[in-house]
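Coordinates as given in run01.cif (mmCIF, C-alpha atoms and all ligand atoms):
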data_coords
loop_
_atom_site.label_atom_id
_atom_site.label_comp_id
_atom_site.auth_asym_id
_atom_site.auth_seq_id
_atom_site.Cartn_x
_atom_site.Cartn_y
_atom_site.Cartn_z
CA MET B 19 10.18 -172.28 26.45
CA LYS B 20 13.71 -173.56 27.00
CA SER B 21 14.30 -177.26 26.84
CA PHE B 22 15.21 -179.22 29.99
CA HIS B 23 18.73 -179.70 28.68
CA THR B 24 19.33 -176.00 28.20
CA GLU B 25 18.02 -175.16 31.66
CA SER B 26 19.79 -177.92 33.45
CA ASN B 27 23.48 -178.43 33.95
CA SER B 28 23.66 -181.56 31.86
CA HIS B 29 26.98 -180.45 30.29
CA ALA B 30 28.59 -179.28 33.49
CA THR B 31 31.16 -181.15 35.58
CA THR B 32 29.61 -183.21 38.33
CA LEU B 33 31.27 -184.02 41.63
CA VAL B 34 31.92 -187.60 40.60
CA GLN B 35 33.40 -186.51 37.26
CA HIS B 36 35.62 -184.06 39.10
CA LEU B 37 36.79 -186.71 41.55
CA LEU B 38 37.49 -189.12 38.73
CA SER B 39 39.55 -186.54 36.88
CA THR B 40 41.55 -185.97 40.09
CA HIS B 41 42.08 -189.70 40.15
CA ARG B 42 43.26 -189.75 36.52
CA ARG B 43 45.64 -186.85 37.18
CA LEU B 44 47.14 -188.73 40.08
CA HIS B 45 47.50 -191.80 37.97
CA VAL B 46 49.41 -189.84 35.33
CA LEU B 47 51.55 -188.07 37.93
CA GLU B 48 52.56 -191.21 39.68
CA GLY B 49 52.77 -193.57 36.75
CA ALA B 50 51.27 -197.02 37.04
CA GLU B 51 54.45 -199.06 37.04
CA SER B 52 55.64 -198.89 40.66
CA SER B 53 53.78 -201.01 43.20
CA ASN B 54 53.70 -198.01 45.52
CA ALA B 55 51.92 -195.96 42.92
CA THR B 56 49.35 -198.68 42.49
CA ALA B 57 48.76 -198.75 46.22
CA GLU B 58 48.35 -194.96 46.30
CA LYS B 59 46.00 -195.08 43.36
CA ASP B 60 43.94 -197.70 45.17
CA GLY B 61 43.84 -195.35 48.14
CA VAL B 62 42.47 -192.63 45.89
CA ASP B 63 39.84 -194.99 44.52
CA ASP B 64 38.70 -195.64 48.07
CA LEU B 65 38.77 -191.98 48.98
CA ILE B 66 36.63 -191.14 45.96
CA MET B 67 34.10 -193.80 46.97
CA LEU B 68 34.07 -192.39 50.48
CA LEU B 69 33.53 -188.82 49.27
CA ALA B 70 30.75 -189.98 46.94
CA SER B 71 29.03 -191.54 49.98
CA ILE B 72 29.47 -188.31 51.93
CA ALA B 73 27.81 -186.47 49.05
CA VAL B 74 24.83 -188.84 49.38
CA ALA B 75 24.61 -188.04 53.11
CA VAL B 76 24.67 -184.32 52.31
CA LYS B 77 21.92 -184.63 49.69
CA SER B 78 19.80 -186.67 52.03
CA VAL B 79 20.19 -184.42 55.09
CA GLY B 80 19.81 -181.28 52.93
CA SER B 81 16.51 -182.57 51.67
CA ALA B 82 15.39 -183.43 55.23
CA VAL B 83 16.33 -179.92 56.39
CA ARG B 84 14.10 -178.45 53.67
CA ARG B 85 11.20 -180.80 54.43
CA ARG B 86 11.53 -180.03 58.13
CA ASP B 87 11.31 -176.30 57.38
CA ILE B 88 8.04 -176.93 55.56
CA THR B 89 6.49 -179.29 58.09
CA HIS B 90 7.62 -177.46 61.22
CA GLY B 91 7.37 -173.91 59.95
CA SER B 92 8.96 -171.81 62.66
CA GLY B 93 9.26 -174.77 65.03
CA THR B 94 12.42 -174.84 67.09
CA GLU B 95 12.79 -178.51 68.00
CA SER B 96 15.68 -179.78 65.92
CA GLU B 97 16.37 -182.92 67.93
CA PRO B 98 14.78 -185.43 65.53
CA LEU B 99 16.62 -183.74 62.67
CA GLU B 100 19.91 -184.01 64.57
CA ARG B 101 19.31 -187.69 65.12
CA LEU B 102 18.35 -188.22 61.50
CA ALA B 103 21.44 -186.35 60.27
CA ASN B 104 23.76 -188.37 62.49
CA GLU B 105 22.20 -191.70 61.51
CA THR B 106 22.28 -190.78 57.82
CA TRP B 107 25.99 -189.91 57.95
CA ILE B 108 26.83 -193.08 59.84
CA ASP B 109 24.83 -195.26 57.44
CA CYS B 110 26.41 -193.65 54.38
CA LEU B 111 29.90 -194.03 55.81
CA LEU B 112 29.33 -197.63 56.89
CA TYR B 113 27.86 -198.69 53.57
CA SER B 114 30.68 -197.01 51.66
CA GLN B 115 32.82 -199.79 53.16
CA ARG B 116 35.72 -197.34 53.07
CA SER B 117 35.76 -196.11 56.67
CA CYS B 118 37.20 -197.83 59.73
CA ILE B 119 36.51 -195.50 62.66
CA LEU B 120 34.07 -192.58 62.93
CA VAL B 121 33.88 -189.62 65.28
CA SER B 122 30.64 -187.65 65.29
CA GLU B 123 29.80 -184.51 67.21
CA ASP B 124 26.64 -186.36 68.25
CA LEU B 125 28.27 -189.43 69.75
CA GLU B 126 30.25 -189.42 72.93
CA ASN B 127 32.58 -192.18 71.77
CA PRO B 128 34.06 -193.10 68.40
CA VAL B 129 32.34 -195.82 66.37
CA VAL B 130 34.56 -198.66 65.21
CA VAL B 131 33.28 -200.09 61.94
CA GLU B 132 32.67 -203.85 61.91
CA SER B 133 35.50 -205.74 60.28
CA ASN B 134 33.42 -206.97 57.31
CA MET B 135 32.58 -203.36 56.38
CA GLN B 136 35.90 -201.77 57.20
CA GLY B 137 37.93 -199.55 54.89
CA LYS B 138 41.10 -197.51 55.32
CA PHE B 139 39.85 -194.11 56.42
CA ALA B 140 39.06 -192.51 59.76
CA VAL B 141 36.28 -189.95 59.38
CA VAL B 142 35.43 -187.10 61.76
CA PHE B 143 32.24 -185.10 61.21
CA ASP B 144 29.61 -182.79 62.55
CA PRO B 145 26.48 -184.03 60.78
CA LEU B 146 24.38 -180.94 61.56
CA THR B 147 26.21 -177.83 62.55
CA GLY B 148 24.77 -174.37 63.23
CA ARG B 149 21.68 -175.95 64.71
CA SER B 150 20.99 -173.63 67.65
CA TYR B 151 18.30 -171.44 66.09
CA PRO B 152 16.40 -173.45 63.48
CA PRO B 153 15.16 -172.46 61.01
CA CYS B 154 16.72 -169.01 61.28
CA GLN B 155 20.36 -169.74 60.70
CA GLU B 156 22.08 -171.73 58.06
CA MET B 157 22.81 -175.30 58.98
CA GLY B 158 25.43 -177.47 57.39
CA ALA B 159 27.89 -180.29 57.94
CA ILE B 160 31.67 -180.43 58.35
CA PHE B 161 33.97 -183.39 57.82
CA GLY B 162 37.59 -184.45 57.78
CA VAL B 163 39.18 -187.68 56.56
CA PHE B 164 42.39 -189.25 57.85
CA ARG B 165 44.18 -192.29 56.54
CA GLN B 166 44.20 -195.10 59.11
CA MET B 167 47.56 -194.95 60.89
CA SER B 168 47.52 -198.34 62.55
CA GLY B 169 47.56 -201.57 60.61
CA GLY B 170 44.85 -204.09 61.50
CA SER B 171 41.97 -203.15 63.76
CA PRO B 172 41.22 -199.45 64.03
CA VAL B 173 42.23 -197.72 67.24
CA ILE B 174 41.50 -194.34 68.76
CA GLU B 175 44.90 -193.01 67.56
CA ASP B 176 43.57 -193.26 64.02
CA VAL B 177 41.41 -190.22 64.67
CA MET B 178 43.65 -188.44 67.15
CA GLN B 179 45.77 -186.94 64.40
CA PRO B 180 46.65 -183.30 63.77
CA GLY B 181 44.57 -181.76 61.00
CA ARG B 182 47.57 -181.36 58.68
CA GLN B 183 47.44 -185.14 58.20
CA MET B 184 43.94 -185.08 56.73
CA VAL B 185 43.70 -186.46 53.22
CA ALA B 186 40.43 -184.66 52.57
CA ALA B 187 38.12 -182.23 54.30
CA GLY B 188 35.02 -180.28 53.45
CA TYR B 189 31.73 -178.80 54.42
CA ALA B 190 28.16 -178.55 53.23
CA LEU B 191 25.76 -175.70 53.68
CA TYR B 192 21.99 -176.03 53.49
CA GLY B 193 21.18 -172.46 52.51
CA ALA B 194 19.28 -171.03 49.56
CA CYS B 195 20.92 -173.91 47.72
CA THR B 196 22.92 -176.86 49.00
CA VAL B 197 26.65 -176.44 48.47
CA LEU B 198 29.53 -178.82 49.09
CA PHE B 199 33.09 -177.45 49.26
CA LEU B 200 35.98 -179.83 49.59
CA SER B 201 39.70 -180.30 49.28
CA LEU B 202 41.81 -183.36 48.71
CA GLY B 203 44.94 -181.39 49.52
CA SER B 204 45.31 -179.74 46.12
CA GLY B 205 43.13 -176.66 46.31
CA VAL B 206 39.49 -176.13 47.18
CA HIS B 207 36.60 -176.81 44.85
CA GLY B 208 32.95 -175.94 45.40
CA PHE B 209 29.89 -177.76 44.09
CA THR B 210 26.26 -176.67 44.06
CA LEU B 211 23.39 -179.13 44.08
CA ASP B 212 21.35 -178.86 40.90
CA PRO B 213 17.85 -179.89 42.01
CA ALA B 214 16.89 -180.83 38.45
CA LEU B 215 19.65 -183.43 38.25
CA ASN B 216 20.08 -184.08 41.98
CA GLU B 217 23.80 -183.83 41.22
CA PHE B 218 26.52 -181.65 42.65
CA ILE B 219 27.88 -179.43 39.86
CA LEU B 220 31.31 -177.82 39.95
CA THR B 221 30.57 -174.11 40.40
CA HIS B 222 33.68 -172.84 42.22
CA GLU B 223 36.90 -174.18 40.79
CA ASN B 224 40.14 -173.69 42.69
CA VAL B 225 38.79 -171.13 45.16
CA ARG B 226 41.33 -168.59 46.49
CA ILE B 227 40.47 -166.56 49.56
CA PRO B 228 41.24 -162.82 49.20
CA TYR B 229 44.56 -161.98 50.82
CA CYS B 230 42.82 -159.57 53.19
CA GLY B 231 39.24 -158.47 53.63
CA HIS B 232 37.07 -155.90 55.34
CA ILE B 233 34.57 -158.22 57.05
CA TYR B 234 35.13 -159.36 60.61
CA SER B 235 32.93 -161.96 62.21
CA ILE B 236 32.58 -162.53 65.94
CA ASN B 237 29.87 -162.81 68.60
CA GLU B 238 30.24 -159.42 70.21
CA GLY B 239 27.67 -160.36 72.84
CA TYR B 240 30.58 -161.86 74.78
CA CYS B 241 32.44 -158.55 74.91
CA SER B 242 32.18 -158.25 78.70
CA LEU B 243 33.58 -161.78 79.10
CA TRP B 244 36.65 -161.26 76.89
CA LYS B 245 40.12 -160.39 78.08
CA PRO B 246 40.84 -156.64 77.80
CA GLU B 247 43.24 -157.12 74.88
CA ILE B 248 40.53 -158.80 72.83
CA ARG B 249 38.12 -155.97 73.61
CA GLU B 250 40.86 -153.61 72.48
CA LEU B 251 41.36 -155.57 69.25
CA ILE B 252 37.67 -155.46 68.39
CA SER B 253 37.45 -151.76 69.12
CA ARG B 254 40.38 -151.26 66.70
CA PHE B 255 38.41 -153.18 64.10
CA LYS B 256 35.58 -150.69 64.58
CA THR B 257 37.71 -147.61 64.24
CA GLU B 258 40.51 -148.54 61.83
CA VAL B 259 40.15 -149.30 58.16
CA SER B 260 40.92 -152.80 57.02
CA LEU B 261 44.18 -153.78 55.34
CA ASN B 262 42.57 -153.25 51.94
CA GLY B 263 41.69 -149.69 52.91
CA LYS B 264 37.95 -150.19 53.36
CA GLU B 265 35.79 -149.52 56.40
CA ARG B 266 35.34 -152.78 58.24
CA SER B 267 31.95 -154.48 58.35
CA LEU B 268 30.66 -156.88 60.98
CA ARG B 269 28.84 -160.03 59.85
CA TYR B 270 27.98 -162.89 62.21
CA VAL B 271 25.58 -165.65 61.22
CA GLY B 272 26.31 -167.66 64.37
CA SER B 273 26.89 -170.82 62.39
CA MET B 274 30.63 -171.32 61.92
CA VAL B 275 30.25 -173.13 58.62
CA ALA B 276 28.23 -170.24 57.14
CA ASP B 277 30.57 -167.60 58.56
CA VAL B 278 33.63 -169.43 57.22
CA HIS B 279 31.95 -169.96 53.84
CA ARG B 280 31.39 -166.21 53.49
CA THR B 281 34.96 -165.56 54.66
CA LEU B 282 36.32 -167.99 52.07
CA LEU B 283 34.46 -166.28 49.23
CA TYR B 284 34.67 -162.63 50.27
CA GLY B 285 37.68 -162.49 52.59
CA GLY B 286 38.04 -161.17 56.12
CA ILE B 287 38.22 -162.99 59.40
CA PHE B 288 36.11 -165.21 61.66
CA MET B 289 36.99 -165.35 65.36
CA TYR B 290 35.72 -167.28 68.36
CA PHE B 291 37.81 -166.49 71.44
CA ALA B 292 37.92 -168.28 74.74
CA HIS B 293 36.10 -166.49 77.54
CA GLN B 294 34.77 -167.24 81.00
CA GLN B 295 31.95 -169.40 79.65
CA TRP B 296 34.23 -171.35 77.27
CA PRO B 297 37.70 -171.21 78.85
CA ASN B 298 39.33 -173.20 76.02
CA GLY B 299 37.14 -171.75 73.28
CA LYS B 300 33.86 -173.28 72.11
CA LEU B 301 34.56 -174.79 68.71
CA LYS B 302 35.44 -178.44 68.42
CA LEU B 303 38.95 -179.10 67.16
CA LEU B 304 38.52 -182.40 65.34
CA TYR B 305 35.35 -181.95 63.35
CA GLU B 306 34.79 -178.18 63.22
CA ALA B 307 38.03 -176.20 63.43
CA SER B 308 40.49 -178.60 61.75
CA PRO B 309 38.51 -179.40 58.58
CA LEU B 310 37.64 -175.72 58.06
CA ALA B 311 41.27 -174.76 58.76
CA PHE B 312 42.32 -177.29 56.11
CA ILE B 313 39.95 -175.70 53.59
CA ILE B 314 41.02 -172.14 54.41
CA GLU B 315 44.74 -172.99 54.18
CA GLN B 316 44.20 -174.83 50.92
CA ALA B 317 42.56 -171.66 49.57
CA GLY B 318 45.58 -169.54 50.62
CA GLY B 319 44.28 -168.28 53.96
CA LYS B 320 45.40 -168.86 57.52
CA ALA B 321 43.86 -170.67 60.50
CA SER B 322 45.16 -170.24 64.00
CA THR B 323 44.24 -170.23 67.64
CA GLY B 324 46.04 -166.90 67.82
CA LEU B 325 49.05 -168.73 69.17
CA GLU B 326 49.49 -171.76 66.97
CA ARG B 327 48.44 -173.21 63.65
CA ILE B 328 45.22 -175.16 64.12
CA LEU B 329 46.38 -177.92 61.76
CA ASP B 330 49.39 -178.62 63.99
CA ILE B 331 47.33 -179.42 67.09
CA THR B 332 47.00 -183.07 68.07
CA PRO B 333 43.74 -183.60 69.95
CA GLU B 334 43.85 -185.05 73.43
CA SER B 335 40.23 -186.14 73.34
CA VAL B 336 37.77 -186.44 70.48
CA HIS B 337 35.60 -183.54 71.66
CA ASP B 338 38.40 -181.06 72.47
CA ARG B 339 37.49 -177.39 72.05
CA ILE B 340 39.76 -174.57 70.93
CA GLN B 341 39.61 -170.90 70.12
CA VAL B 342 39.65 -170.02 66.46
CA VAL B 343 40.99 -167.17 64.33
CA ILE B 344 40.52 -168.05 60.68
CA GLY B 345 40.32 -166.32 57.32
CA SER B 346 42.35 -164.08 55.02
CA TYR B 347 46.07 -164.50 55.53
CA GLU B 348 46.90 -160.93 56.46
CA ASP B 349 43.90 -160.47 58.75
CA VAL B 350 44.75 -163.57 60.76
CA GLU B 351 48.39 -162.48 60.92
CA LEU B 352 47.24 -159.15 62.32
CA VAL B 353 45.36 -160.87 65.14
CA GLU B 354 48.26 -163.22 65.81
CA GLN B 355 50.43 -160.18 66.49
CA LEU B 356 48.17 -159.45 69.43
CA PHE B 357 48.88 -162.86 70.91
CA LYS B 358 52.51 -163.39 70.05
CA GLY B 359 53.89 -160.20 68.53
CA PRO B 360 54.80 -159.81 64.85
CA SER B 361 56.70 -162.76 63.46
CA ARG B 362 59.68 -160.66 62.47
CA SER B 363 62.03 -163.61 62.56
CA ASP B 364 60.11 -164.94 59.59
CA PRO B 365 61.82 -163.39 56.53
CA MET B 366 58.60 -163.80 54.56
CA TYR B 367 56.78 -161.67 57.09
CA LEU B 368 58.43 -158.39 56.04
CA LEU B 369 58.05 -159.27 52.38
CA ARG B 370 54.36 -160.06 52.73
CA ARG B 371 53.82 -157.02 54.90
CA SER B 372 55.40 -154.56 52.45
CA HIS B 373 53.61 -156.31 49.60
CA SER B 374 50.25 -155.83 51.29
CA ILE B 375 50.99 -152.20 52.20
CA GLU B 376 51.79 -151.52 48.55
CA GLU B 377 48.56 -153.21 47.56
CA MET B 378 46.69 -151.20 50.13
CA LYS B 379 47.99 -147.99 48.58
CA ASP B 380 47.09 -149.20 45.10
CA SER B 381 43.65 -150.22 46.18
CA LYS B 382 43.06 -146.84 47.81
CA GLU B 383 44.20 -145.06 44.68
CA GLU B 384 42.16 -147.18 42.37
CA SER B 385 39.29 -147.68 44.82
CA THR B 386 39.05 -151.26 43.74
CA SER B 387 39.26 -154.42 45.75
CA PHE B 388 42.05 -156.94 45.38
CA ASN B 389 42.26 -159.35 42.57
CA LYS B 390 41.82 -162.68 44.30
CA ASP B 391 44.07 -164.62 41.98
CA GLU B 392 47.02 -162.30 42.05
CA ASP B 393 46.98 -161.52 45.74
CA GLY B 394 47.06 -164.95 47.26
CA PRO B 395 50.20 -165.67 49.27
CA THR B 396 52.86 -168.06 48.08
CA ILE B 397 51.40 -171.55 48.07
CA LEU B 398 51.50 -172.69 51.65
CA CYS B 399 50.51 -176.27 51.21
CA SER B 400 51.57 -178.94 48.84
CA THR B 401 49.86 -178.76 45.50
CA LEU B 402 49.87 -182.53 45.26
CA PRO B 403 47.09 -184.50 46.85
CA ARG B 404 48.21 -185.62 50.27
CA LEU B 405 47.67 -189.22 49.44
CA VAL B 406 50.79 -189.24 47.33
CA GLN B 407 53.07 -187.50 49.79
P1 LIG X 501 25.75 -174.31 67.03
O1 LIG X 501 25.93 -174.38 68.52
O2 LIG X 501 24.51 -173.60 66.59
O3 LIG X 501 25.92 -175.66 66.34
O4 LIG X 501 29.99 -174.90 67.70
C1 LIG X 501 28.73 -174.82 67.25
C2 LIG X 501 28.27 -173.42 66.86
O5 LIG X 501 26.96 -173.39 66.49
C3 LIG X 501 29.07 -172.84 65.67
O6 LIG X 501 28.64 -173.32 64.44
C4 LIG X 501 28.84 -171.36 65.85
O7 LIG X 501 29.81 -170.57 65.20
C5 LIG X 501 28.88 -171.21 67.35
O8 LIG X 501 28.49 -172.46 67.89
C6 LIG X 501 27.94 -170.14 67.81
O9 LIG X 501 28.14 -169.92 69.17
P2 LIG X 501 27.56 -168.64 69.92
O10 LIG X 501 26.07 -168.83 69.94
O11 LIG X 501 28.17 -168.71 71.27
O12 LIG X 501 27.95 -167.41 69.15
#

Just give me the structure as structure tokens.
Ligand code: FDP
Amino acid sequence: MKSFHTESNSHATTLVQHLLSTHRRLHVLEGAESSNATAEKDGVDDLIMLLASIAVAVKSVGSAVRRRDITHGSGTESEPLERLANETWIDCLLYSQRSCILVSEDLENPVVVESNMQGKFAVVFDPLTGRSYPPCQEMGAIFGVFRQMSGGSPVIEDVMQPGRQMVAAGYALYGACTVLFLSLGSGVHGFTLDPALNEFILTHENVRIPYCGHIYSINEGYCSLWKPEIRELISRFKTEVSLNGKERSLRYVGSMVADVHRTLLYGGIFMYFAHQQWPNGKLKLLYEASPLAFIIEQAGGKASTGLERILDITPESVHDRIQVVIGSYEDVELVEQLFKGPSRSDPMYLLRRSHSIEEMKDSKEESTSFNKDEDGPTILCSTLPRLVQ
């Protein structure tokens, strides 16, 4: 029989170790001598504390989700679980003493943290997403972190920022195992909860989304409610091969976090278009679309409404909804052409396009899929953590 140490991940990198090494890297990059650098470093300290508290919330809610599945069997009432998840996130964020204003999917209004517990970060989150059909679809959580813009007491503007200003974002998924994927603005890293250690272990370092994919993900039940051009687009997906030369496949979990997670790892595209029932789209900008857009862009993909970059949108209210087209760079670009025509004024467009056509030929000849590392687009986002920009 193997020993505990061999079976467990006792030599692996934990989330906290990973965050601390990010911190050390920053320290080296910035140097400790300037007062600015010290202030930035302090900001990173606080951000690490905040993320560690978020990890506690994820562990706690993940464990409650599992217990609920046992105690309720096929029960469908998720309301107590929703309440528990929301309260757990708020408690963890308050007691981190690093947050100043919180926006939750489950609260109509933002929560301003009491002055004696206040920190520097505004946090937006959906504490239990994908909750419509428990226990049949994967639930998770999504979060984004902004630096407080105002000095002094927190104000609503601290959360009403475009997603590109996030200093960190991530999601958790309570599936066969609990995973936590996050980015501090320098790539995406994924952690899996080791139940033996009750620690998140680094399992996906510097994730890159495939440049294009063959999976498309959409709720086709709304077909009759879509505009004709969207119906046309989806019928093209059914009849035309994907940009990597494979037959397309449809996958739709119905939980955005799970659909985006699969898209991140295997490539392709996730779409939720506006239609008669949701005239602006259904997904919430601040705590669903923006954090996942941040993750996808950091992994080399693209996130759009079809017309504009999601991360450039400034919310008008905390629960704004938008339509979402998110995933592999080339696949999203293809859909954007439907909305705004090919971006031919962009000199990189033609380059990328011919590059991907060449790859498509190669992949057909070799019948192999793309190499994730080599096919990512030019780095789109800064490779330095946003805190030091
Ligand atoms: P849920 O209502 O189950 O929380 O915006 C929430 C969301 O799920 C997304 O996670 C999911 O992608 C979408 O709604 C599913 O909506 P449809 O049932 O309309 O497909």

Could you produce a table of the residues of chain B lying within 7 Å of ligand LIG 501 (chain X), with the nearest pair of atoms per residue and their separation in Å rounded to one decimal, using only C-alpha atoms and all ligand atoms, ordered by chain and increasing residue number, as a Markdown table?
| residue | atom | partner | partner_atom | distance |
| --- | --- | --- | --- | --- |
| B:Thr147 | CA | X:LIG501 | O3 | 4.4 |
| B:Gly148 | CA | X:LIG501 | O2 | 3.5 |
| B:Arg149 | CA | X:LIG501 | O2 | 4.1 |
| B:Ser150 | CA | X:LIG501 | O2 | 3.7 |
| B:Tyr151 | CA | X:LIG501 | O2 | 6.6 |
| B:Asn237 | CA | X:LIG501 | O12 | 5.0 |
| B:Gly272 | CA | X:LIG501 | C6 | 4.5 |
| B:Ser273 | CA | X:LIG501 | O6 | 3.7 |
| B:Met274 | CA | X:LIG501 | O7 | 3.5 |
| B:Val275 | CA | X:LIG501 | O6 | 6.0 |
| B:Lys300 | CA | X:LIG501 | O4 | 6.1 |
| B:Leu301 | CA | X:LIG501 | O4 | 4.7 |
| B:Lys302 | CA | X:LIG501 | O4 | 6.5 |

Based on the selection just made, write C-alpha atoms of those residues as an mmCIF file, in the frame of the given file.
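Output contents, as saved in result_9.cif:
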data_model
loop_
_atom_site.group_PDB
_atom_site.id
_atom_site.type_symbol
_atom_site.label_atom_id
_atom_site.label_comp_id
_atom_site.auth_asym_id
_atom_site.auth_seq_id
_atom_site.Cartn_x
_atom_site.Cartn_y
_atom_site.Cartn_z
ATOM 1 C CA THR B 147 26.210 -177.830 62.550
ATOM 2 C CA GLY B 148 24.770 -174.370 63.230
ATOM 3 C CA ARG B 149 21.680 -175.950 64.710
ATOM 4 C CA SER B 150 20.990 -173.630 67.650
ATOM 5 C CA TYR B 151 18.300 -171.440 66.090
ATOM 6 C CA ASN B 237 29.870 -162.810 68.600
ATOM 7 C CA GLY B 272 26.310 -167.660 64.370
ATOM 8 C CA SER B 273 26.890 -170.820 62.390
ATOM 9 C CA MET B 274 30.630 -171.320 61.920
ATOM 10 C CA VAL B 275 30.250 -173.130 58.620
ATOM 11 C CA LYS B 300 33.860 -173.280 72.110
ATOM 12 C CA LEU B 301 34.560 -174.790 68.710
ATOM 13 C CA LYS B 302 35.440 -178.440 68.420
#

For this session: Name the residues in contact with Val185 (chain B) at a cut-off of 10 Å, using all atoms listed in the file, excluding same-chain residues fewer than 2 positions from it; report them as a list in words.
Result: Val62, Leu65, Phe139, Gly162, Val163, Phe164, Arg165, Gly181, Arg182, Gln183, Ala187, Ser201, Leu202, Gly203, Ser204, Phe312, Pro403, Arg404, Leu405 and Val406 of chain B

Exercise. What residues have an atom no more than 7 Å from (41.7, -193.1, 62.9) in the file's own frame, counting all atoms listed in the file, and can you write them as a VMD selection string?
Worked result: chain B and resid 119 139 to 140 164 to 167 172 to 178

Write the residues you've just listed into a file as a PDB file, in the frame of the given file, and include C-alpha atoms for each of them.
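Once written, again08.pdb looks like this:
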ATOM      1  CA  ILE B 119      36.510-195.500  62.660  1.00  0.00           C
ATOM      2  CA  PHE B 139      39.850-194.110  56.420  1.00  0.00           C
ATOM      3  CA  ALA B 140      39.060-192.510  59.760  1.00  0.00           C
ATOM      4  CA  PHE B 164      42.390-189.250  57.850  1.00  0.00           C
ATOM      5  CA  ARG B 165      44.180-192.290  56.540  1.00  0.00           C
ATOM      6  CA  GLN B 166      44.200-195.100  59.110  1.00  0.00           C
ATOM      7  CA  MET B 167      47.560-194.950  60.890  1.00  0.00           C
ATOM      8  CA  PRO B 172      41.220-199.450  64.030  1.00  0.00           C
ATOM      9  CA  VAL B 173      42.230-197.720  67.240  1.00  0.00           C
ATOM     10  CA  ILE B 174      41.500-194.340  68.760  1.00  0.00           C
ATOM     11  CA  GLU B 175      44.900-193.010  67.560  1.00  0.00           C
ATOM     12  CA  ASP B 176      43.570-193.260  64.020  1.00  0.00           C
ATOM     13  CA  VAL B 177      41.410-190.220  64.670  1.00  0.00           C
ATOM     14  CA  MET B 178      43.650-188.440  67.150  1.00  0.00           C
TER      15      MET B 178
END

Problem set entry | Which of B:Val353, B:Val259, B:Val197, B:Ala73 sits closest to His279 (chain B) [using all atoms listed in the file] |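 Comparing B:Val353, B:Val259, B:Val197, B:Ala73 against His279 (chain B), the winner is B:Val197.
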
Problem set entry | Minimum-distance residue to Pro246 (chain B), chosen among B:His293, B:Asn104, B:Glu306, B:Ile160 (using only C-alpha atoms) |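 Nearest candidate to Pro246 (chain B) out of B:His293, B:Asn104, B:Glu306, B:Ile160: B:His293.
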
Exercise. Suppose you want the space between CA of Ser253 (chain B) and CA of Tyr347 (chain B); what is it in Å?
Worked result: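 Taking CA of Ser253 (chain B) and CA of Tyr347 (chain B), their separation equals 20.5 Å.
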
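Excluding Ile314 (chain B) itself and any same-chain residue fewer than 4 positions from it, the protein and nucleic acid residues within 9 Å of it, counting only C-alpha atoms, are Val206, Arg226, Ile227, Val278, Thr281, Leu282, Pro309, Leu310, Gly318, Gly319, Lys320, Ala321, Ile344, Gly345 and Ser346 of chain B.
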
Keeping C-alpha atoms for every residue in the selection just given, could you write it to a file as a compact mmCIF listing (two decimals), in the frame of the given file?
# COMPACT_ATOMS: atom_id res chain seq x y z
CA VAL B 206 39.49 -176.13 47.18
CA ARG B 226 41.33 -168.59 46.49
CA ILE B 227 40.47 -166.56 49.56
CA VAL B 278 33.63 -169.43 57.22
CA THR B 281 34.96 -165.56 54.66
CA LEU B 282 36.32 -167.99 52.07
CA PRO B 309 38.51 -179.40 58.58
CA LEU B 310 37.64 -175.72 58.06
CA GLY B 318 45.58 -169.54 50.62
CA GLY B 319 44.28 -168.28 53.96
CA LYS B 320 45.40 -168.86 57.52
CA ALA B 321 43.86 -170.67 60.50
CA ILE B 344 40.52 -168.05 60.68
CA GLY B 345 40.32 -166.32 57.32
CA SER B 346 42.35 -164.08 55.02

Keeping N, CA, C and O atoms (and nothing else), can you write region 311-316 of chain B of this structure as a PDB file, in the first residue's frame?
ATOM      1  N   ALA B 311     -14.424  36.970 -19.216  1.00  0.00           N
ATOM      2  CA  ALA B 311     -13.743  37.591 -20.359  1.00  0.00           C
ATOM      3  C   ALA B 311     -12.278  37.854 -20.010  1.00  0.00           C
ATOM      4  O   ALA B 311     -11.375  37.655 -20.823  1.00  0.00           O
ATOM      5  N   PHE B 312     -12.042  38.305 -18.796  1.00  0.00           N
ATOM      6  CA  PHE B 312     -10.674  38.579 -18.325  1.00  0.00           C
ATOM      7  C   PHE B 312      -9.835  37.292 -18.400  1.00  0.00           C
ATOM      8  O   PHE B 312      -8.712  37.276 -18.896  1.00  0.00           O
ATOM      9  N   ILE B 313     -10.422  36.202 -17.907  1.00  0.00           N
ATOM     10  CA  ILE B 313      -9.714  34.913 -17.917  1.00  0.00           C
ATOM     11  C   ILE B 313      -9.431  34.478 -19.358  1.00  0.00           C
ATOM     12  O   ILE B 313      -8.306  34.092 -19.700  1.00  0.00           O
ATOM     13  N   ILE B 314     -10.448  34.541 -20.203  1.00  0.00           N
ATOM     14  CA  ILE B 314     -10.287  34.074 -21.588  1.00  0.00           C
ATOM     15  C   ILE B 314      -9.243  34.922 -22.321  1.00  0.00           C
ATOM     16  O   ILE B 314      -8.386  34.397 -23.027  1.00  0.00           O
ATOM     17  N   GLU B 315      -9.281  36.231 -22.143  1.00  0.00           N
ATOM     18  CA  GLU B 315      -8.267  37.080 -22.807  1.00  0.00           C
ATOM     19  C   GLU B 315      -6.866  36.782 -22.274  1.00  0.00           C
ATOM     20  O   GLU B 315      -5.902  36.745 -23.018  1.00  0.00           O
ATOM     21  N   GLN B 316      -6.787  36.578 -20.975  1.00  0.00           N
ATOM     22  CA  GLN B 316      -5.472  36.284 -20.390  1.00  0.00           C
ATOM     23  C   GLN B 316      -4.908  34.965 -20.905  1.00  0.00           C
ATOM     24  O   GLN B 316      -3.708  34.741 -20.871  1.00  0.00           O
TER      25      GLN B 316
END
